Amino acid sequence: MKKEETVKIINLDTGYSDRKNRTVITSDINASLYSRELTCLLGPNGAGKSTLLKTLTSFLPPLKGDIIIEGRPLNAYSETDMAKVIGVVLTERLSIDNMSVDELVGMGRSPYTGFWGHMSAYDRQKVDESISLVGVEGLRGRMVRTLSDGERQKVMIAKALAQETPVIFLDEPTAFLDYPSKVEIMQLLQGLSRERDKTVFLSTHDLELALQIADKVWLLDKPHGVTIGTPEDLALKGDMTKYFHRKGVTFDIESGLFKIDHKLTYSVTLEGKGPVANMVRKALARHGVSAESGNNINKVYVDESEIRLNGNRYMDIDSLLDAVDSLFDMR
């Protein structure tokens with residue numbers, strides 16, 4: 001299925017204004033979002049991610065420029081019509097604790113059910129489909145207040161799906177979740193974009209997770225503006241380093257992920273390959289010890305069955321680290 005341009009942004013300035021002041025957060029943004037793609041908005045704190053997302057969802061008016069969704073200017077949509085085009089999932093907890101899961105997902109049909117909210121057989125079918133797609137059938141009948149953060153977030157995504165919108169915007173959908181739940185939510189959104197022909201755009205601080213799952217990335221900060229591309233292209237062009245350079249953190253072009261740049265004071269020669277050797281190298285770096293091939297007088301040998309330092313055998317990495325502490329008097 002061909003990807004279609006669903007959102008077009010032209011010369012957009014975002015920020016805040018009142019009668020006396022006008023504060024521009026980001027300026028001259030020109031970009032597009034496409035169906036069948038998961039796009040992640042990344043940037044440091046204060047870069048303007050939330051402001052941009054609120055502008056795209058009409059919670060804030062643009063200071064300048066145009067936002068075109070499905071071929072129509074955003075400001076040409078009525079509130080009801082917009083709810084049939086854009087689904088929004090926010091991080092903020094809404095006052096919905098006294099609702100059941102079915103009732104909450106059913107709220108996604110409100111743009112179609114009118115003032116009295118009477119659901120037809122078709123509406124109920126769409127609620128059932130959305131609950132099934134997100135995989136929360138086991139939560140039906142539960143009260144929202146009894147849900148975990150991850151369960152609650154899935155139900156909110158089901159509500160957005162029930163709206164049948166071509167575009168879904170999400171603000172920090174993985175915030176406050178444990179790592180397996182973060183991965184599950186991101187993979188769910190990726191699958192929905194491709195299998196249901198959705199345009200999915202989200203802001204996130206989960207940088208490494210986004211780099212592994214997103215189809216496109218928008219890098220945003222005040223000095224550089226917005227840079228857009230696949231995670232791989234942005235890595236190869238050096239944009240990841242440019243946007244996220246901090247002391248003690250480096251972007252590893254080999255893995256396409258960030259790593260902590262440990263201060264290495266001591267060194268040993270490490271002989272060995274495979275996962276055990278890699279874990280020994282990682283543990284030693286955390287202790288300030290560089291472990292590479294060479295002719296250092298202190299030698300670590302690793303294979304699948306043993307770890308040795310200068311000929312002495314150690315049972316595990318923890319005991320090796322104790323020996324390294326003694327060797328370099330690091331305690």
# chains A, B, ... in the order shown; residues from 1 in each chain; ligands from 1

$ residues_around --residues "stretch 202-210 of chain A" --least-positions-apart "2" --cutoff "9 Å" --atoms "only C-alpha atoms" --output "PyMOL selection string"
chain A and resi 38-45+49-50+53+168-175+182-183+186+200+212-215+217+231+256-258

$ write_last_selection --atoms "N, CA, C and O atoms" --output "short mmCIF file (atom, residue, chain, number, x, y, z; two decimals), in the first residue's frame"
data_model
loop_
_atom_site.label_atom_id
_atom_site.label_comp_id
_atom_site.auth_asym_id
_atom_site.auth_seq_id
_atom_site.Cartn_x
_atom_site.Cartn_y
_atom_site.Cartn_z
N LEU A 38 5.52 5.48 11.50
CA LEU A 38 5.63 5.91 12.89
C LEU A 38 6.76 6.93 12.95
O LEU A 38 7.91 6.61 12.64
N THR A 39 6.42 8.16 13.32
CA THR A 39 7.40 9.24 13.38
C THR A 39 7.55 9.70 14.82
O THR A 39 6.55 9.95 15.51
N CYS A 40 8.79 9.80 15.27
CA CYS A 40 9.08 10.20 16.65
C CYS A 40 9.71 11.58 16.67
O CYS A 40 10.63 11.87 15.90
N LEU A 41 9.20 12.43 17.56
CA LEU A 41 9.74 13.77 17.79
C LEU A 41 10.69 13.71 18.98
O LEU A 41 10.27 13.42 20.10
N LEU A 42 11.96 13.99 18.72
CA LEU A 42 12.99 13.90 19.75
C LEU A 42 13.66 15.25 19.95
O LEU A 42 13.77 16.04 19.02
N GLY A 43 14.14 15.48 21.16
CA GLY A 43 14.86 16.71 21.44
C GLY A 43 15.06 16.88 22.93
O GLY A 43 14.36 16.24 23.73
N PRO A 44 16.00 17.72 23.32
CA PRO A 44 16.25 17.93 24.76
C PRO A 44 15.09 18.66 25.42
O PRO A 44 14.22 19.23 24.74
N ASN A 45 15.07 18.64 26.74
CA ASN A 45 14.05 19.38 27.49
C ASN A 45 14.10 20.86 27.11
O ASN A 45 15.17 21.44 26.97
N LYS A 49 9.08 20.53 22.08
CA LYS A 49 8.34 19.35 21.58
C LYS A 49 6.86 19.44 21.93
O LYS A 49 5.99 19.24 21.07
N SER A 50 6.56 19.71 23.20
CA SER A 50 5.16 19.77 23.62
C SER A 50 4.43 20.91 22.94
O SER A 50 3.26 20.79 22.55
N LEU A 53 3.61 19.83 19.39
CA LEU A 53 2.54 18.85 19.38
C LEU A 53 1.19 19.51 19.68
O LEU A 53 0.17 19.20 19.04
N ILE A 168 -2.95 9.97 14.27
CA ILE A 168 -2.93 9.85 15.72
C ILE A 168 -1.69 10.55 16.26
O ILE A 168 -0.56 10.24 15.84
N PHE A 169 -1.89 11.51 17.16
CA PHE A 169 -0.80 12.21 17.83
C PHE A 169 -0.74 11.74 19.28
O PHE A 169 -1.78 11.63 19.94
N LEU A 170 0.47 11.50 19.77
CA LEU A 170 0.64 11.04 21.14
C LEU A 170 1.74 11.84 21.82
O LEU A 170 2.81 12.08 21.24
N ASP A 171 1.49 12.25 23.05
CA ASP A 171 2.46 13.01 23.83
C ASP A 171 3.07 12.09 24.89
O ASP A 171 2.37 11.68 25.83
N GLU A 172 4.32 11.74 24.72
CA GLU A 172 5.04 10.89 25.69
C GLU A 172 4.25 9.62 26.06
O GLU A 172 3.99 9.37 27.24
N PRO A 173 3.90 8.80 25.09
CA PRO A 173 3.06 7.63 25.41
C PRO A 173 3.76 6.58 26.26
O PRO A 173 3.10 5.72 26.84
N THR A 174 5.10 6.63 26.34
CA THR A 174 5.83 5.63 27.13
C THR A 174 6.31 6.18 28.47
O THR A 174 7.03 5.48 29.19
N ALA A 175 5.92 7.40 28.80
CA ALA A 175 6.35 7.98 30.09
C ALA A 175 5.80 7.15 31.24
O ALA A 175 4.67 6.65 31.20
N LYS A 182 7.35 -0.13 27.68
CA LYS A 182 7.70 0.88 26.68
C LYS A 182 7.85 0.23 25.30
O LYS A 182 7.31 0.73 24.30
N VAL A 183 8.59 -0.87 25.25
CA VAL A 183 8.81 -1.57 23.99
C VAL A 183 7.48 -2.05 23.42
O VAL A 183 7.20 -1.92 22.22
N MET A 186 5.50 0.88 21.91
CA MET A 186 6.09 1.36 20.66
C MET A 186 5.87 0.37 19.52
O MET A 186 5.57 0.76 18.38
N VAL A 200 1.15 7.99 12.54
CA VAL A 200 1.35 8.03 13.99
C VAL A 200 2.56 8.93 14.27
O VAL A 200 3.67 8.68 13.79
N GLN A 212 15.40 2.71 17.45
CA GLN A 212 15.30 1.32 17.01
C GLN A 212 13.96 1.00 16.35
O GLN A 212 13.87 0.03 15.60
N ILE A 213 12.94 1.81 16.59
CA ILE A 213 11.59 1.46 16.12
C ILE A 213 11.02 2.46 15.11
O ILE A 213 10.28 2.08 14.21
N ALA A 214 11.36 3.74 15.24
CA ALA A 214 10.72 4.77 14.40
C ALA A 214 11.09 4.61 12.92
O ALA A 214 12.22 4.27 12.58
N ASP A 215 10.12 4.89 12.04
CA ASP A 215 10.39 4.95 10.61
C ASP A 215 11.07 6.27 10.26
O ASP A 215 11.96 6.31 9.42
N VAL A 217 12.38 10.20 12.14
CA VAL A 217 12.66 10.96 13.35
C VAL A 217 12.70 12.44 13.01
O VAL A 217 13.27 12.83 11.99
N PRO A 231 16.30 7.17 11.23
CA PRO A 231 17.34 7.13 12.27
C PRO A 231 18.72 6.84 11.68
O PRO A 231 19.72 7.41 12.13
N GLY A 256 24.46 2.53 16.28
CA GLY A 256 23.36 3.47 16.05
C GLY A 256 22.67 3.89 17.32
O GLY A 256 21.54 4.37 17.28
N LEU A 257 23.35 3.74 18.48
CA LEU A 257 22.77 4.08 19.77
C LEU A 257 23.76 4.91 20.57
O LEU A 257 24.94 5.02 20.22
N PHE A 258 23.26 5.51 21.66
CA PHE A 258 24.12 6.30 22.52
C PHE A 258 24.75 5.42 23.59
O PHE A 258 24.20 4.39 23.98
#

$ residues_around --residues "A:Ile297" --least-positions-apart "3" --cutoff "12 Å" --atoms "only C-alpha atoms" --output "ChimeraX atom specification"
/A:266-270,293-294,300,309-311,327

$ atom_distance --atom1 "atom CA of A:Ala158" --atom2 "atom CA of A:Arg145"
16.6 Å

$ residues_around --residues "A:Arg140" --least-positions-apart "3" --cutoff "8 Å" --atoms "only C-alpha atoms" --output "ChimeraX atom specification"
/A:100-102,136-137

$ write_last_selection --atoms "N, CA and C atoms" --output "PDB file, in the first residue's frame"
ATOM      1  N   SER A 100     -15.527   2.613  33.220  1.00  0.00           N
ATOM      2  CA  SER A 100     -15.015   1.292  32.878  1.00  0.00           C
ATOM      3  C   SER A 100     -14.187   1.394  31.601  1.00  0.00           C
ATOM      4  N   VAL A 101     -13.424   0.354  31.322  1.00  0.00           N
ATOM      5  CA  VAL A 101     -12.620   0.329  30.101  1.00  0.00           C
ATOM      6  C   VAL A 101     -13.507   0.436  28.873  1.00  0.00           C
ATOM      7  N   ASP A 102     -14.627  -0.296  28.857  1.00  0.00           N
ATOM      8  CA  ASP A 102     -15.532  -0.238  27.706  1.00  0.00           C
ATOM      9  C   ASP A 102     -16.093   1.167  27.510  1.00  0.00           C
ATOM     10  N   VAL A 136      -6.467  -5.688  24.611  1.00  0.00           N
ATOM     11  CA  VAL A 136      -6.880  -5.458  26.003  1.00  0.00           C
ATOM     12  C   VAL A 136      -8.243  -6.080  26.286  1.00  0.00           C
ATOM     13  N   GLU A 137      -8.554  -7.171  25.585  1.00  0.00           N
ATOM     14  CA  GLU A 137      -9.840  -7.833  25.813  1.00  0.00           C
ATOM     15  C   GLU A 137      -9.985  -8.253  27.276  1.00  0.00           C
TER      16      GLU A 137
END
